[in-house]
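Undergrad: If it helps, the file is called query-v9.txt and holds compact mmCIF, N, CA and C atoms:
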```txt
# COMPACT_ATOMS: atom_id res chain seq x y z
N MET A 1089 0.85 -1.17 0.00
CA MET A 1089 0.00 0.00 0.00
C MET A 1089 0.90 1.24 0.00
N ALA A 1090 0.60 2.17 -0.87
CA ALA A 1090 1.37 3.41 -0.96
C ALA A 1090 0.84 4.40 0.08
N GLU A 1091 1.76 5.11 0.70
CA GLU A 1091 1.36 6.11 1.68
C GLU A 1091 1.23 7.46 1.00
N VAL A 1092 0.52 8.37 1.66
CA VAL A 1092 0.27 9.71 1.14
C VAL A 1092 0.93 10.71 2.07
N LEU A 1093 1.80 11.56 1.52
CA LEU A 1093 2.45 12.59 2.32
C LEU A 1093 1.70 13.90 2.18
N SER A 1094 1.58 14.60 3.28
CA SER A 1094 0.95 15.91 3.25
C SER A 1094 1.75 16.84 2.35
N PRO A 1095 1.11 17.48 1.39
CA PRO A 1095 1.84 18.39 0.50
C PRO A 1095 2.16 19.74 1.15
N ILE A 1096 1.55 20.04 2.28
CA ILE A 1096 1.73 21.36 2.89
C ILE A 1096 3.19 21.61 3.25
N VAL A 1097 3.87 20.58 3.75
CA VAL A 1097 5.27 20.72 4.09
C VAL A 1097 6.15 20.09 3.01
N SER A 1098 5.80 18.91 2.55
CA SER A 1098 6.69 18.17 1.64
C SER A 1098 6.91 18.86 0.30
N ASP A 1099 5.89 19.52 -0.24
CA ASP A 1099 6.05 20.20 -1.54
C ASP A 1099 6.89 21.47 -1.44
N ARG A 1100 7.00 22.04 -0.26
CA ARG A 1100 7.72 23.29 -0.08
C ARG A 1100 8.87 23.16 0.91
N ILE A 1101 9.37 21.95 1.06
CA ILE A 1101 10.41 21.70 2.04
C ILE A 1101 11.67 22.53 1.77
N TRP A 1102 11.90 22.88 0.51
CA TRP A 1102 13.06 23.67 0.13
C TRP A 1102 13.05 25.07 0.75
N ALA A 1103 11.88 25.56 1.13
CA ALA A 1103 11.78 26.93 1.65
C ALA A 1103 11.72 27.01 3.17
N LEU A 1104 11.78 25.88 3.85
CA LEU A 1104 11.73 25.93 5.31
C LEU A 1104 12.97 26.63 5.84
N PRO A 1105 12.78 27.50 6.82
CA PRO A 1105 13.91 28.26 7.36
C PRO A 1105 14.70 27.47 8.42
N VAL A 1106 15.14 26.28 8.03
CA VAL A 1106 15.95 25.43 8.91
C VAL A 1106 17.12 24.88 8.10
N SER A 1107 18.08 24.32 8.79
CA SER A 1107 19.27 23.80 8.12
C SER A 1107 18.95 22.53 7.32
N GLY A 1108 19.85 22.21 6.41
CA GLY A 1108 19.72 20.98 5.65
C GLY A 1108 19.74 19.76 6.54
N THR A 1109 20.48 19.83 7.63
CA THR A 1109 20.53 18.73 8.59
C THR A 1109 19.17 18.52 9.24
N ALA A 1110 18.49 19.61 9.57
CA ALA A 1110 17.15 19.50 10.16
C ALA A 1110 16.15 18.96 9.15
N ILE A 1111 16.29 19.32 7.88
CA ILE A 1111 15.42 18.79 6.82
C ILE A 1111 15.62 17.28 6.70
N LYS A 1112 16.86 16.86 6.71
CA LYS A 1112 17.16 15.43 6.62
C LYS A 1112 16.57 14.70 7.82
N PHE A 1113 16.67 15.30 9.01
CA PHE A 1113 16.11 14.69 10.21
C PHE A 1113 14.59 14.64 10.12
N LEU A 1114 13.96 15.67 9.55
CA LEU A 1114 12.51 15.65 9.35
C LEU A 1114 12.11 14.46 8.47
N GLN A 1115 12.89 14.19 7.44
CA GLN A 1115 12.61 13.03 6.59
C GLN A 1115 12.68 11.73 7.38
N TYR A 1116 13.66 11.65 8.27
CA TYR A 1116 13.76 10.48 9.16
C TYR A 1116 12.51 10.37 10.04
N LEU A 1117 12.07 11.51 10.61
CA LEU A 1117 10.89 11.49 11.47
C LEU A 1117 9.65 11.04 10.71
N ILE A 1118 9.50 11.51 9.49
CA ILE A 1118 8.36 11.10 8.66
C ILE A 1118 8.42 9.59 8.41
N PHE A 1119 9.62 9.09 8.11
CA PHE A 1119 9.80 7.66 7.88
C PHE A 1119 9.42 6.86 9.13
N ARG A 1120 9.83 7.32 10.31
CA ARG A 1120 9.61 6.59 11.56
C ARG A 1120 8.21 6.77 12.13
N SER A 1121 7.49 7.77 11.66
CA SER A 1121 6.17 8.07 12.23
C SER A 1121 5.13 7.06 11.75
N GLU A 1122 4.08 6.99 12.55
CA GLU A 1122 2.91 6.21 12.16
C GLU A 1122 2.02 7.11 11.32
N PHE A 1123 1.02 6.51 10.66
CA PHE A 1123 0.07 7.32 9.91
C PHE A 1123 -0.62 8.28 10.86
N GLY A 1124 -0.69 9.55 10.50
CA GLY A 1124 -1.28 10.57 11.34
C GLY A 1124 -0.26 11.35 12.15
N GLY A 1125 1.00 10.87 12.18
CA GLY A 1125 2.06 11.66 12.79
C GLY A 1125 2.61 11.20 14.12
N GLN A 1126 2.00 10.21 14.76
CA GLN A 1126 2.52 9.75 16.05
C GLN A 1126 3.92 9.16 15.87
N LEU A 1127 4.84 9.54 16.75
CA LEU A 1127 6.20 9.01 16.73
C LEU A 1127 6.34 8.01 17.88
N PRO A 1128 6.37 6.72 17.56
CA PRO A 1128 6.40 5.69 18.60
C PRO A 1128 7.78 5.45 19.19
N VAL A 1129 8.77 6.18 18.74
CA VAL A 1129 10.14 5.96 19.18
C VAL A 1129 10.56 7.06 20.15
N ARG A 1130 11.27 6.68 21.20
CA ARG A 1130 11.74 7.64 22.20
C ARG A 1130 13.00 8.34 21.71
N GLN A 1131 13.28 9.47 22.33
CA GLN A 1131 14.42 10.29 21.90
C GLN A 1131 15.73 9.52 21.98
N LYS A 1132 15.95 8.76 23.04
CA LYS A 1132 17.21 8.02 23.15
C LYS A 1132 17.30 6.92 22.09
N ASP A 1133 16.15 6.35 21.70
CA ASP A 1133 16.16 5.36 20.63
C ASP A 1133 16.41 6.01 19.27
N MET A 1134 15.86 7.22 19.09
CA MET A 1134 16.16 7.98 17.87
C MET A 1134 17.66 8.22 17.76
N ALA A 1135 18.27 8.60 18.89
CA ALA A 1135 19.70 8.88 18.90
C ALA A 1135 20.50 7.64 18.50
N ALA A 1136 20.11 6.49 19.00
CA ALA A 1136 20.81 5.25 18.66
C ALA A 1136 20.63 4.92 17.18
N GLU A 1137 19.40 5.04 16.67
CA GLU A 1137 19.14 4.75 15.25
C GLU A 1137 19.84 5.74 14.33
N TYR A 1138 19.85 6.99 14.73
CA TYR A 1138 20.41 8.06 13.89
C TYR A 1138 21.92 8.19 14.10
N ASN A 1139 22.45 7.43 15.07
CA ASN A 1139 23.87 7.37 15.36
C ASN A 1139 24.43 8.72 15.84
N VAL A 1140 23.67 9.36 16.73
CA VAL A 1140 24.08 10.63 17.33
C VAL A 1140 23.73 10.58 18.82
N THR A 1141 24.07 11.64 19.54
CA THR A 1141 23.74 11.71 20.97
C THR A 1141 22.30 12.20 21.15
N PRO A 1142 21.70 11.91 22.31
CA PRO A 1142 20.36 12.46 22.58
C PRO A 1142 20.34 13.99 22.52
N GLN A 1143 21.43 14.64 22.91
CA GLN A 1143 21.50 16.10 22.83
C GLN A 1143 21.41 16.57 21.37
N THR A 1144 22.04 15.83 20.47
CA THR A 1144 21.97 16.17 19.05
C THR A 1144 20.53 16.05 18.56
N ILE A 1145 19.82 15.02 19.02
CA ILE A 1145 18.41 14.87 18.65
C ILE A 1145 17.62 16.08 19.13
N SER A 1146 17.88 16.52 20.36
CA SER A 1146 17.20 17.71 20.88
C SER A 1146 17.50 18.93 20.01
N ASN A 1147 18.76 19.07 19.59
CA ASN A 1147 19.14 20.21 18.74
C ASN A 1147 18.51 20.14 17.36
N LEU A 1148 18.36 18.95 16.81
CA LEU A 1148 17.71 18.79 15.51
C LEU A 1148 16.20 19.02 15.61
N MET A 1149 15.63 18.62 16.74
CA MET A 1149 14.20 18.73 16.94
C MET A 1149 13.76 20.17 17.21
N ALA A 1150 14.61 20.97 17.85
CA ALA A 1150 14.25 22.33 18.28
C ALA A 1150 13.71 23.21 17.15
N PRO A 1151 14.41 23.34 16.01
CA PRO A 1151 13.85 24.22 14.97
C PRO A 1151 12.56 23.69 14.37
N LEU A 1152 12.39 22.37 14.35
CA LEU A 1152 11.15 21.78 13.84
C LEU A 1152 10.00 22.01 14.83
N CYS A 1153 10.32 22.00 16.11
CA CYS A 1153 9.31 22.32 17.14
C CYS A 1153 8.95 23.81 17.08
N ASP A 1154 9.94 24.66 16.84
CA ASP A 1154 9.68 26.10 16.73
C ASP A 1154 8.70 26.42 15.61
N LEU A 1155 8.72 25.62 14.55
CA LEU A 1155 7.81 25.83 13.42
C LEU A 1155 6.49 25.07 13.59
N ASN A 1156 6.36 24.34 14.69
CA ASN A 1156 5.21 23.48 14.98
C ASN A 1156 5.07 22.32 13.99
N ILE A 1157 6.12 22.00 13.28
CA ILE A 1157 6.10 20.82 12.42
C ILE A 1157 6.14 19.57 13.29
N VAL A 1158 6.93 19.65 14.35
CA VAL A 1158 6.97 18.61 15.37
C VAL A 1158 6.34 19.19 16.62
N LEU A 1159 5.41 18.45 17.20
CA LEU A 1159 4.72 18.89 18.41
C LEU A 1159 5.18 18.04 19.58
N ARG A 1160 5.28 18.67 20.72
CA ARG A 1160 5.64 17.96 21.95
C ARG A 1160 4.41 18.01 22.85
N PRO A 1161 3.56 16.99 22.77
CA PRO A 1161 2.37 16.98 23.63
C PRO A 1161 2.77 16.96 25.09
N LYS A 1162 1.93 17.57 25.90
CA LYS A 1162 2.20 17.57 27.33
C LYS A 1162 2.09 16.13 27.83
N SER A 1163 3.17 15.67 28.43
CA SER A 1163 3.25 14.30 28.91
C SER A 1163 2.78 14.24 30.35
N GLU A 1164 2.04 13.19 30.68
CA GLU A 1164 1.59 13.00 32.05
C GLU A 1164 2.72 12.51 32.94
N SER A 1165 3.68 11.84 32.35
CA SER A 1165 4.83 11.38 33.13
C SER A 1165 6.03 12.24 32.78
N ARG A 1166 6.97 12.31 33.66
CA ARG A 1166 8.18 13.11 33.43
C ARG A 1166 9.35 12.22 33.02
N HIS A 1167 9.07 11.09 32.40
CA HIS A 1167 10.12 10.15 32.02
C HIS A 1167 10.50 10.32 30.55
N GLY A 1168 10.61 11.54 30.09
CA GLY A 1168 11.01 11.80 28.73
C GLY A 1168 9.90 12.43 27.91
N SER A 1169 10.31 13.05 26.83
CA SER A 1169 9.35 13.73 25.96
C SER A 1169 8.80 12.78 24.91
N SER A 1170 7.55 12.97 24.60
CA SER A 1170 6.98 12.27 23.46
C SER A 1170 6.76 13.33 22.38
N TYR A 1171 6.89 12.92 21.15
CA TYR A 1171 6.75 13.85 20.03
C TYR A 1171 5.75 13.29 19.04
N ARG A 1172 5.22 14.18 18.22
CA ARG A 1172 4.39 13.77 17.10
C ARG A 1172 4.54 14.82 16.00
N LEU A 1173 4.35 14.41 14.79
CA LEU A 1173 4.34 15.36 13.68
C LEU A 1173 3.00 16.08 13.68
N HIS A 1174 3.02 17.34 13.30
CA HIS A 1174 1.76 18.08 13.16
C HIS A 1174 0.93 17.34 12.11
N PRO A 1175 -0.37 17.22 12.33
CA PRO A 1175 -1.21 16.49 11.35
C PRO A 1175 -1.13 17.05 9.93
N LEU A 1176 -0.81 18.34 9.79
CA LEU A 1176 -0.67 18.91 8.44
C LEU A 1176 0.68 18.59 7.82
N ALA A 1177 1.56 17.92 8.56
CA ALA A 1177 2.89 17.55 8.06
C ALA A 1177 3.11 16.04 8.08
N ALA A 1178 2.08 15.29 8.40
CA ALA A 1178 2.21 13.84 8.59
C ALA A 1178 1.95 13.06 7.31
N LYS A 1179 2.16 11.76 7.40
CA LYS A 1179 1.81 10.85 6.30
C LYS A 1179 0.53 10.11 6.67
N TYR A 1180 -0.17 9.63 5.66
CA TYR A 1180 -1.45 8.95 5.85
C TYR A 1180 -1.52 7.73 4.96
N ALA A 1181 -2.38 6.80 5.33
CA ALA A 1181 -2.53 5.56 4.57
C ALA A 1181 -3.19 5.81 3.23
N THR A 1182 -4.17 6.73 3.21
CA THR A 1182 -4.90 7.01 1.97
C THR A 1182 -5.14 8.51 1.85
N HIS A 1183 -5.50 8.92 0.66
CA HIS A 1183 -5.84 10.32 0.42
C HIS A 1183 -7.08 10.71 1.22
N GLU A 1184 -8.04 9.80 1.33
CA GLU A 1184 -9.26 10.06 2.09
C GLU A 1184 -8.94 10.26 3.58
N ASP A 1185 -8.02 9.44 4.12
CA ASP A 1185 -7.62 9.61 5.52
C ASP A 1185 -6.98 10.98 5.73
N MET A 1186 -6.16 11.41 4.77
CA MET A 1186 -5.50 12.70 4.88
C MET A 1186 -6.53 13.83 4.85
N GLU A 1187 -7.49 13.76 3.95
CA GLU A 1187 -8.52 14.80 3.87
C GLU A 1187 -9.34 14.88 5.16
N ALA A 1188 -9.70 13.73 5.73
CA ALA A 1188 -10.47 13.71 6.98
C ALA A 1188 -9.63 14.30 8.12
N ALA A 1189 -8.35 13.94 8.17
CA ALA A 1189 -7.47 14.47 9.22
C ALA A 1189 -7.29 15.97 9.06
N PHE A 1190 -7.18 16.45 7.83
CA PHE A 1190 -7.03 17.89 7.60
C PHE A 1190 -8.28 18.64 8.06
N ARG A 1191 -9.47 18.10 7.77
CA ARG A 1191 -10.71 18.76 8.21
C ARG A 1191 -10.74 18.86 9.73
N HIS A 1192 -10.41 17.77 10.40
CA HIS A 1192 -10.39 17.76 11.86
C HIS A 1192 -9.32 18.71 12.39
N THR A 1193 -8.15 18.71 11.77
CA THR A 1193 -7.05 19.57 12.21
C THR A 1193 -7.39 21.05 12.05
N LEU A 1194 -7.97 21.42 10.93
CA LEU A 1194 -8.33 22.82 10.72
C LEU A 1194 -9.36 23.28 11.74
N HIS A 1195 -10.29 22.40 12.08
CA HIS A 1195 -11.26 22.74 13.13
C HIS A 1195 -10.54 22.91 14.47
N SER A 1196 -9.61 22.01 14.78
CA SER A 1196 -8.87 22.09 16.05
C SER A 1196 -8.03 23.36 16.13
N ILE A 1197 -7.47 23.79 15.00
CA ILE A 1197 -6.69 25.03 14.98
C ILE A 1197 -7.61 26.22 15.23
N LYS A 1198 -8.78 26.23 14.57
CA LYS A 1198 -9.72 27.34 14.73
C LYS A 1198 -10.20 27.51 16.16
N VAL A 1199 -10.43 26.40 16.86
CA VAL A 1199 -10.94 26.50 18.23
C VAL A 1199 -9.83 26.60 19.26
N GLY A 1200 -8.58 26.57 18.80
CA GLY A 1200 -7.45 26.77 19.70
C GLY A 1200 -6.92 25.52 20.38
N ASP A 1201 -7.34 24.35 19.95
CA ASP A 1201 -6.86 23.10 20.55
C ASP A 1201 -5.52 22.64 19.98
N LEU A 1202 -5.13 23.20 18.86
CA LEU A 1202 -3.90 22.78 18.18
C LEU A 1202 -3.24 24.01 17.57
N PRO A 1203 -1.91 24.14 17.71
CA PRO A 1203 -1.25 25.30 17.08
C PRO A 1203 -1.16 25.12 15.58
N ASN A 1204 -1.14 26.23 14.88
CA ASN A 1204 -0.97 26.19 13.43
C ASN A 1204 0.51 26.05 13.10
N LEU A 1205 0.81 25.58 11.91
CA LEU A 1205 2.19 25.54 11.45
C LEU A 1205 2.70 26.97 11.32
N LYS A 1206 3.97 27.17 11.59
CA LYS A 1206 4.59 28.49 11.43
C LYS A 1206 5.53 28.43 10.23
N LEU A 1207 4.93 28.39 9.06
CA LEU A 1207 5.71 28.29 7.83
C LEU A 1207 5.82 29.65 7.16
N PRO A 1208 6.90 29.87 6.42
CA PRO A 1208 7.04 31.15 5.73
C PRO A 1208 6.02 31.28 4.61
N GLN A 1209 5.71 32.52 4.27
CA GLN A 1209 4.85 32.78 3.12
C GLN A 1209 5.59 32.37 1.86
N TYR A 1210 4.97 31.57 1.04
CA TYR A 1210 5.60 31.12 -0.20
C TYR A 1210 5.08 31.96 -1.35
N VAL A 1211 5.97 32.71 -1.98
CA VAL A 1211 5.57 33.53 -3.10
C VAL A 1211 5.98 32.85 -4.40
N ALA A 1212 7.24 32.47 -4.50
CA ALA A 1212 7.75 31.80 -5.69
C ALA A 1212 8.97 30.98 -5.31
N ALA A 1213 9.27 30.01 -6.14
CA ALA A 1213 10.47 29.20 -5.93
C ALA A 1213 11.69 30.08 -6.13
N PRO A 1214 12.77 29.82 -5.39
CA PRO A 1214 13.96 30.64 -5.57
C PRO A 1214 14.56 30.40 -6.96
N PRO A 1215 15.15 31.44 -7.56
CA PRO A 1215 15.74 31.26 -8.88
C PRO A 1215 16.98 30.38 -8.80
N THR A 1216 17.31 29.76 -9.90
CA THR A 1216 18.51 28.95 -9.93
C THR A 1216 19.73 29.85 -9.93
N GLU A 1217 20.85 29.29 -9.59
CA GLU A 1217 22.07 30.07 -9.61
C GLU A 1217 22.32 30.56 -11.03
N GLY A 1218 22.60 31.81 -11.16
CA GLY A 1218 22.86 32.36 -12.49
C GLY A 1218 21.63 32.92 -13.17
N GLY A 1219 20.52 33.03 -12.47
CA GLY A 1219 19.36 33.69 -13.08
C GLY A 1219 18.14 32.81 -13.16
N ARG A 1220 17.46 32.91 -14.28
CA ARG A 1220 16.19 32.24 -14.48
C ARG A 1220 16.38 30.75 -14.71
N PRO A 1221 15.42 29.96 -14.26
CA PRO A 1221 15.52 28.52 -14.49
C PRO A 1221 15.36 28.21 -15.98
N ARG A 1222 16.01 27.18 -16.40
CA ARG A 1222 15.93 26.77 -17.82
C ARG A 1222 14.83 25.72 -17.96
N LEU A 1223 13.62 26.19 -18.24
CA LEU A 1223 12.50 25.29 -18.39
C LEU A 1223 12.32 24.94 -19.86
N GLN A 1224 12.04 23.67 -20.12
CA GLN A 1224 11.83 23.22 -21.48
C GLN A 1224 10.63 22.32 -21.54
N VAL A 1225 9.99 22.28 -22.69
CA VAL A 1225 8.87 21.36 -22.90
C VAL A 1225 9.47 20.03 -23.33
N ALA A 1226 9.03 18.97 -22.69
CA ALA A 1226 9.57 17.64 -23.00
C ALA A 1226 9.03 17.13 -24.32
```
Could I get this structure in the form of structure tokens?
TA:
Amino acid sequence: MAEVLSPIVSDRIWALPVSGTAIKFLQYLIFRSEFGGQLPVRQKDMAAEYNVTPQTISNLMAPLCDLNIVLRPKSESRHGSSYRLHPLAAKYATHEDMEAAFRHTLHSIKVGDLPNLKLPQYVAAPPTEGGRPRLQVA
């Protein structure tokens, strides 16, 4: 079964105001997440899989949390942080599941139960080095 990625972040990932390292880590998080954005892996396990220290994971996660792409739900226990991808940045099993999740998410944002993504305004793709892109008809 093919999964469906939210286009809100994935189609404009080039314009996110974070480092290339954070973008690569976001791709890892999307890969490791469940449908809908839940991340079932703990930070120390992420560090082991990603072959870095837990502090590095915190540093990679921080700019993604600042943009609300990664959410840190309030945990009832103090035994570590749990994370999830924002529903507008998550993957889904089907297009219909994604549309239903988006409707629910937009309602949750409107009533204040969920923060909105803090993404830059996208006006146009950046030009290629040396001027205008060389577009051709195939």
Undergrad: Considering only strand (DSSP E or B) as DSSP defines it on the backbone, what residues of chain A qualify? List them as a PyMOL selection string.
TA: chain A and resi 1092-1093+1126+1158-1159+1172-1173+1179-1180+1216+1219
Undergrad: Would you pick out the contacts of Pro1128 of chain A at 8 Å or less, using all atoms listed in the file, so that residues sharing its chain but fewer than 4 positions from it are not included, and give the list as a count of residues only?
TA: 5
Undergrad: Which residue gives the smallest distance to Arg1160 of chain A among A:Ala1090, A:Ala1188, A:Ile1111, A:Leu1173, with only C-alpha atoms counted?
TA: A:Leu1173
Undergrad: Under the rule that all atoms listed in the file are counted, which of A:Val1129, A:Leu1148, A:Leu1202, A:Leu1207 is the nearest residue to Leu1114 of chain A?
TA: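 Closest to Leu1114 of chain A of all the choices is A:Leu1148.
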Undergrad: Would you mind reading off the distance between atom C of Leu1152 of chain A and atom C of Lys1179 of chain A, one decimal, in Å?
TA: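 Result for atom C of Leu1152 of chain A versus atom C of Lys1179 of chain A: 17.3 Å, one decimal.
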Undergrad: Can you tell me, as a ChimeraX atom specification, which residues in segment 1123-1159 of chain A count as alpha helix (DSSP H) by DSSP?
TA: /A:1131-1138,1142-1154
Undergrad: So how many Å separate atom CA of Met1149 of chain A and atom CA of Met1186 of chain A, to one decimal?
TA: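 A separation of 23.9 Å between them.
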Undergrad: Quick one: distance from atom CA of Ile1118 of chain A to atom N of Gly1200 of chain A in Å, one decimal?
TA: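 That distance, rounded to one decimal, is 25.1 Å.
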Undergrad: Please return, as a list in words, all polymer residues that have at least one atom within 8 Å of the point (17.4, 13.0, 16.0); use all atoms listed in the file and the file's own coordinate frame.
TA: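 Every residue inside that radius is included here: Phe1113, Leu1114, Leu1117, Gln1131, Asp1133, Met1134, Ala1135, Ala1136, Glu1137, Tyr1138, Asn1139, Val1140, Thr1141, Pro1142, Gln1143, Thr1144, Ile1145, Ser1146, Asn1147, Leu1148 and Met1149 of chain A.
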Undergrad: Starting from the incomplete input, reconstruct all heavy atoms of segment 1183-1192 of chain A and write that as an mmCIF file, in the coordinates of the input.
TA:
```cif
data_model
loop_
_atom_site.group_PDB
_atom_site.id
_atom_site.type_symbol
_atom_site.label_atom_id
_atom_site.label_comp_id
_atom_site.auth_asym_id
_atom_site.auth_seq_id
_atom_site.Cartn_x
_atom_site.Cartn_y
_atom_site.Cartn_z
ATOM 1 N N HIS A 1183 -5.500 8.920 0.660
ATOM 2 C CA HIS A 1183 -5.840 10.320 0.420
ATOM 3 C C HIS A 1183 -7.080 10.710 1.220
ATOM 4 O O HIS A 1183 -7.160 11.815 1.759
ATOM 5 C CB HIS A 1183 -6.058 10.539 -1.081
ATOM 6 C CG HIS A 1183 -6.201 11.966 -1.466
ATOM 7 N ND1 HIS A 1183 -5.196 12.885 -1.311
ATOM 8 C CD2 HIS A 1183 -7.259 12.653 -1.977
ATOM 9 C CE1 HIS A 1183 -5.607 14.066 -1.717
ATOM 10 N NE2 HIS A 1183 -6.854 13.958 -2.121
ATOM 11 N N GLU A 1184 -8.040 9.800 1.330
ATOM 12 C CA GLU A 1184 -9.260 10.060 2.090
ATOM 13 C C GLU A 1184 -8.940 10.260 3.580
ATOM 14 O O GLU A 1184 -9.518 11.140 4.230
ATOM 15 C CB GLU A 1184 -10.263 8.924 1.905
ATOM 16 C CG GLU A 1184 -10.839 8.827 0.505
ATOM 17 C CD GLU A 1184 -9.889 8.201 -0.526
ATOM 18 O OE1 GLU A 1184 -8.924 7.494 -0.127
ATOM 19 O OE2 GLU A 1184 -10.092 8.444 -1.723
ATOM 20 N N ASP A 1185 -8.020 9.440 4.120
ATOM 21 C CA ASP A 1185 -7.620 9.610 5.520
ATOM 22 C C ASP A 1185 -6.980 10.980 5.730
ATOM 23 O O ASP A 1185 -7.228 11.638 6.744
ATOM 24 C CB ASP A 1185 -6.612 8.528 5.935
ATOM 25 C CG ASP A 1185 -7.233 7.148 6.051
ATOM 26 O OD1 ASP A 1185 -8.471 7.032 6.039
ATOM 27 O OD2 ASP A 1185 -6.455 6.166 6.135
ATOM 28 N N MET A 1186 -6.160 11.410 4.770
ATOM 29 C CA MET A 1186 -5.500 12.700 4.880
ATOM 30 C C MET A 1186 -6.530 13.830 4.850
ATOM 31 O O MET A 1186 -6.468 14.752 5.664
ATOM 32 C CB MET A 1186 -4.470 12.899 3.764
ATOM 33 C CG MET A 1186 -3.709 14.217 3.878
ATOM 34 S SD MET A 1186 -2.411 14.426 2.650
ATOM 35 C CE MET A 1186 -3.370 14.553 1.153
ATOM 36 N N GLU A 1187 -7.490 13.760 3.950
ATOM 37 C CA GLU A 1187 -8.520 14.800 3.870
ATOM 38 C C GLU A 1187 -9.340 14.880 5.160
ATOM 39 O O GLU A 1187 -9.610 15.971 5.670
ATOM 40 C CB GLU A 1187 -9.445 14.552 2.681
ATOM 41 C CG GLU A 1187 -8.797 14.855 1.357
ATOM 42 C CD GLU A 1187 -9.716 14.579 0.175
ATOM 43 O OE1 GLU A 1187 -10.830 14.021 0.372
ATOM 44 O OE2 GLU A 1187 -9.320 14.915 -0.948
ATOM 45 N N ALA A 1188 -9.700 13.730 5.730
ATOM 46 C CA ALA A 1188 -10.470 13.710 6.980
ATOM 47 C C ALA A 1188 -9.630 14.300 8.120
ATOM 48 O O ALA A 1188 -10.139 15.092 8.931
ATOM 49 C CB ALA A 1188 -10.912 12.289 7.309
ATOM 50 N N ALA A 1189 -8.350 13.940 8.170
ATOM 51 C CA ALA A 1189 -7.470 14.470 9.220
ATOM 52 C C ALA A 1189 -7.290 15.970 9.060
ATOM 53 O O ALA A 1189 -7.273 16.705 10.058
ATOM 54 C CB ALA A 1189 -6.111 13.762 9.166
ATOM 55 N N PHE A 1190 -7.180 16.450 7.830
ATOM 56 C CA PHE A 1190 -7.030 17.890 7.600
ATOM 57 C C PHE A 1190 -8.280 18.640 8.060
ATOM 58 O O PHE A 1190 -8.179 19.701 8.664
ATOM 59 C CB PHE A 1190 -6.762 18.175 6.124
ATOM 60 C CG PHE A 1190 -5.330 17.974 5.714
ATOM 61 C CD1 PHE A 1190 -4.446 17.234 6.478
ATOM 62 C CD2 PHE A 1190 -4.866 18.519 4.535
ATOM 63 C CE1 PHE A 1190 -3.133 17.050 6.090
ATOM 64 C CE2 PHE A 1190 -3.542 18.352 4.143
ATOM 65 C CZ PHE A 1190 -2.676 17.610 4.914
ATOM 66 N N ARG A 1191 -9.470 18.100 7.770
ATOM 67 C CA ARG A 1191 -10.710 18.760 8.210
ATOM 68 C C ARG A 1191 -10.740 18.860 9.730
ATOM 69 O O ARG A 1191 -11.030 19.917 10.291
ATOM 70 C CB ARG A 1191 -11.939 18.004 7.692
ATOM 71 C CG ARG A 1191 -12.302 18.304 6.251
ATOM 72 C CD ARG A 1191 -13.669 17.762 5.882
ATOM 73 N NE ARG A 1191 -13.749 16.302 5.923
ATOM 74 C CZ ARG A 1191 -13.345 15.493 4.948
ATOM 75 N NH1 ARG A 1191 -12.839 15.992 3.854
ATOM 76 N NH2 ARG A 1191 -13.458 14.189 5.074
ATOM 77 N N HIS A 1192 -10.410 17.770 10.400
ATOM 78 C CA HIS A 1192 -10.390 17.760 11.860
ATOM 79 C C HIS A 1192 -9.320 18.710 12.390
ATOM 80 O O HIS A 1192 -9.546 19.454 13.355
ATOM 81 C CB HIS A 1192 -10.132 16.331 12.367
ATOM 82 C CG HIS A 1192 -10.119 16.237 13.845
ATOM 83 N ND1 HIS A 1192 -8.960 16.264 14.582
ATOM 84 C CD2 HIS A 1192 -11.139 16.136 14.729
ATOM 85 C CE1 HIS A 1192 -9.256 16.178 15.861
ATOM 86 N NE2 HIS A 1192 -10.565 16.089 15.983
#
```
